[in-house]
Amino acid sequence: MSRYDSRDRRGTSGRDGGSRYGSSRDSRDSYGGRGGGGGFSGGGFRGSMKGSQPGERLRKPKWDMSTLQKFEKNFYKEHPNVASRHQDEIRRFHKEKQITISGKSIPNPIFTFDEGNFPDYVMSQLRRNSWQAPTSIQSQAWPIALSGRNLVGIAQTGSGKTLGFMLPAIVHVNHQPYLEHGDGPIVLVLVPTRELAQQVIEVSNEFGRSSELRSACVYGGAPKGPQLRDLERGAEICIATPGRLIDFLESGKTNLRRTTYLVLDEADRMLDMGFEPQIRKILEQIRPDRQTLMWSATWPKEVRRLAEEFLNDYIQVNIGALQLTANHNILQIIDVCMDHEKEEKLVKLLNEIMQEKENKTLIFVETKRKADDIARRMKRDGWPVLSIHGDKSQQERDWALNDFRNGRNPILIATDVASRGLDVEDIKFVINFDYPTCSEDYVHRIGRTGRATNTGTAYTFFTPGNAKQASDLVQVLREAKQVISPKLLQLEENSRGMRGGRGGRWQRGGGGGSRFSGGGGSRFSGGNNYSNGGYRSQNSFSGGSNSGSYGSMNGHSSGSSSMGKPYQNGNSGGFKPQWNQGGVTAASLTSIQPPPGPPPSGKY
DNA sequence: AAAAAAC
């Protein structure tokens, strides 16, 4: 099957309201360069182009880019309000949402789902939910991802991030040829924990169904059989934790030859967990001109290095303030006390909480052993409590989490396995029985409550032994305008100078020069889509041919950001890279489609 | 010093 046949599978046309170009297929006609030539194609300029006459067959116009750009420039000179109004809107948006962004030719954000230009099979699913507007991550990430660019997103979980990479992934898959027998996934999502994998596949199932995509979830601790069946049946989307995936790759049960869209979720966490060798091993299996989206809550050196090495020409989006911040929907209460007081205080607290109608409570402790101990003692005393940590069998973890989710068991005691990304609805209380080893984890833990627009309460037992963290914690509390107990301030005072090595952790780099996407001279430089009424391009996401062919690989690796070892022989052992050098062309890597008609070069 | 992850 040729690539061109595949494009129209399942009615994959973009949103086609009032297409100026006739058929939906034509609406995907592309004449904006990916990060290169002008991406401007608004209807307002239709008049300047020699279009086809009614009744005549639609011919591909000859684009004279310099004339077009001149026209656009003049247009904005003559209609200054059009441009400035929109740019102001974007600046205001970025400022309000505390978004900073850097990179070349950054597409403008979108502010409504309609502007996302998603195909019908995605829109119909979106409409089923009662969401009002995209989250800030989605606003910025969708246009970037849909235009085929690489993306580094610095953002906390629980802000719509999963959908932020999943919808473009689904669109991407729908622009690829069908899987053939023996093909591995087209989209690969790597996540640090099994629970997260299960969560992500929920989303991919929900939104992939309408275009008949199949997803597979690959992680350890569970029988291989069903996972293999899902893969062998043909899964366009694969969500995986690294270990089991490598197992399957090494044993040849699946491959990544067809993978062209890669997501690294919670990259900082994965590095923390020592997944780097595994990540490398997996990435070597994927063709280097793939589209890659990397997500991380922080931007430390290690993550930066990973991004430089594996993401060519990426756009970086920082969502949220540049300092460590907690969700403001959460009431944070810090109880400075001694270690031996904790248990009594916990019981007292839970007694109060259980009076509430909504009482779902997540309790964090320091160690797996402690999680077990406390859970056992509480269970003995009749509390509806379960525990979850990494030494439990996956089955037990699943049970515990399920019973917690559906409310059968309102109290869950957990280690940090549950601190990040876990999305359980209506958790009303988080209790930090032990303060975590770093305040970053604190923010993640309490973030399990107050999700979306809900509110929640976080109680934290803070002992003199945690004094090193006091200053970070105070900073978080101050930022969130919380009441700060004098005892905590006293501890902070005493520990002045104790906190070591904090510098830089929250310095999110990359902000640099052009923070705002449409700023200054870049307005016409390509890829930008104007969401302003009629001037919005229909084709904002149909860029030109992807420049990232294999030919450009050399430029890639010889550039300032070294690729480490060259991909050509980059097999560090185990199994050899074997991305598909044949069938899939670089242009089909992105969701961008080349114009219909004769292929632009012999390569196709 | 802990947590997470493949068999």
# chains A, B, ... in the order shown; residues from 1 in each chain; ligands from 1
$ residues_around --residues "DA1 in chain B" --least-positions-apart "3" --cutoff "12 Å" --atoms "only C-alpha atoms (C1' of nucleotides)" --output "ChimeraX atom specification"
/A:366-367,436-437
$ residues_around --residues "DA3 in chain B" --least-positions-apart "3" --cutoff "8 Å" --atoms "only C-alpha atoms (C1' of nucleotides)" --output "ChimeraX atom specification"
/A:367,390,415-417
$ interface_residues --of "chain A" --to "chain B" --cutoff "6 Å" --atoms "only C-alpha atoms (C1' of nucleotides)" --output "PDB file with N, CA and C atoms, in the first residue's frame"
ATOM      1  N   GLY A 243      11.975  -2.010  31.248  1.00  0.00           N
ATOM      2  CA  GLY A 243      12.474  -3.380  31.409  1.00  0.00           C
ATOM      3  C   GLY A 243      11.783  -4.409  30.541  1.00  0.00           C
ATOM      4  N   ARG A 244      10.492  -4.490  30.645  1.00  0.00           N
ATOM      5  CA  ARG A 244       9.750  -5.498  29.892  1.00  0.00           C
ATOM      6  C   ARG A 244       9.861  -5.250  28.392  1.00  0.00           C
ATOM      7  N   MET A 273      15.721   7.129  38.477  1.00  0.00           N
ATOM      8  CA  MET A 273      15.590   5.713  38.761  1.00  0.00           C
ATOM      9  C   MET A 273      16.662   4.885  38.067  1.00  0.00           C
ATOM     10  N   ASP A 416       6.780   6.360  47.541  1.00  0.00           N
ATOM     11  CA  ASP A 416       6.786   7.315  46.440  1.00  0.00           C
ATOM     12  C   ASP A 416       6.443   6.692  45.094  1.00  0.00           C
TER      13      ASP A 416
END
$ residues_around --residues "Asn466 in chain A" --least-positions-apart "5" --cutoff "12 Å" --atoms "only C-alpha atoms (C1' of nucleotides)" --output "ChimeraX atom specification"
/A:336-339,434-439,460-461,471-473,488,491-492,494-495,498-499
$ write_last_selection --atoms "C-alpha atoms" --output "tab-separated table (two decimals), in the first residue's frame"
chain	number	residue	atom	x	y	z
A	336	VAL	CA	5.84	20.35	63.21
A	337	CYS	CA	6.18	17.50	65.67
A	338	MET	CA	8.42	14.73	66.93
A	339	ASP	CA	8.71	11.33	65.32
A	434	ASP	CA	7.09	11.19	56.63
A	435	TYR	CA	8.37	14.21	54.85
A	436	PRO	CA	9.92	13.11	51.55
A	437	THR	CA	13.62	13.24	50.82
A	438	CYS	CA	13.24	16.24	48.61
A	439	SER	CA	10.71	18.99	48.41
A	460	THR	CA	2.38	17.04	56.62
A	461	PHE	CA	4.24	15.86	59.69
A	471	SER	CA	13.59	26.37	53.64
A	472	ASP	CA	12.36	24.75	50.43
A	473	LEU	CA	9.08	23.96	52.07
A	488	LEU	CA	8.50	25.75	60.88
A	491	LEU	CA	13.37	25.26	62.06
A	492	GLU	CA	14.19	27.08	58.89
A	494	ASN	CA	18.08	27.08	62.66
A	495	SER	CA	18.97	25.24	59.52
A	498	MET	CA	22.46	23.51	56.05
A	499	ARG	CA	20.71	22.88	52.84
$ select_by_dssp --residues "range 133-205 of chain A" --states "alpha helix (DSSP H)" --output "VMD selection string"
chain A and resid 136 to 146 161 to 174 194 to 205
$ residues_around --residues "range 191-199 of chain A" --least-positions-apart "2" --cutoff "9 Å" --atoms "only C-alpha atoms (C1' of nucleotides)" --output "compact mmCIF listing (two decimals) with C-alpha atoms (C1' of nucleotides), in the first residue's frame"
# COMPACT_ATOMS: atom_id res chain seq x y z
CA VAL A 189 5.38 5.94 25.16
CA ILE A 201 -3.27 3.35 28.01
CA GLU A 202 -6.68 4.29 29.34
CA VAL A 203 -6.36 7.58 27.51
CA CYS A 217 0.61 -1.95 27.50
CA VAL A 218 3.97 -3.51 28.24
CA TYR A 219 5.31 -3.69 31.77
CA GLY A 220 6.80 -6.10 34.22
CA GLY A 221 5.20 -7.98 37.05
CA ILE A 239 2.90 2.18 26.39
CA ALA A 240 5.80 0.63 28.21
CA THR A 241 8.10 0.60 31.17
CA PRO A 242 11.65 0.03 29.95
CA VAL A 263 7.23 9.95 24.07
CA LEU A 264 9.47 9.96 27.13
CA ASP A 265 7.19 10.66 30.05
CA GLU A 266 8.54 11.79 33.41
CA ALA A 267 12.06 11.85 32.04
CA ARG A 269 12.02 10.50 37.22
CA MET A 270 13.28 7.85 34.82
CA MET A 273 15.59 5.71 38.76
CA PHE A 275 16.82 4.07 33.59
CA GLN A 394 1.73 -6.25 40.57
CA ARG A 397 -0.69 -3.18 43.55
CA ASP A 398 -3.52 -3.34 41.06
CA LEU A 401 -5.13 0.93 43.57
CA VAL A 417 5.68 4.80 43.84
CA ALA A 418 2.45 6.74 44.04
CA ARG A 420 3.98 11.15 40.67
CA GLY A 421 1.53 11.10 37.89
CA LEU A 422 -0.98 8.96 39.67
CA ASP A 423 -4.39 10.18 38.68
C1' DA B 4 11.07 3.01 41.27
C1' DA B 5 12.01 -1.34 37.16
$ atom_distance --atom1 "CA of Val347 in chain A" --atom2 "CA of Ala400 in chain A"
20.7 Å
$ atom_distance --atom1 "CA of Glu358 in chain A" --atom2 "CA of Lys428 in chain A"
6.7 Å
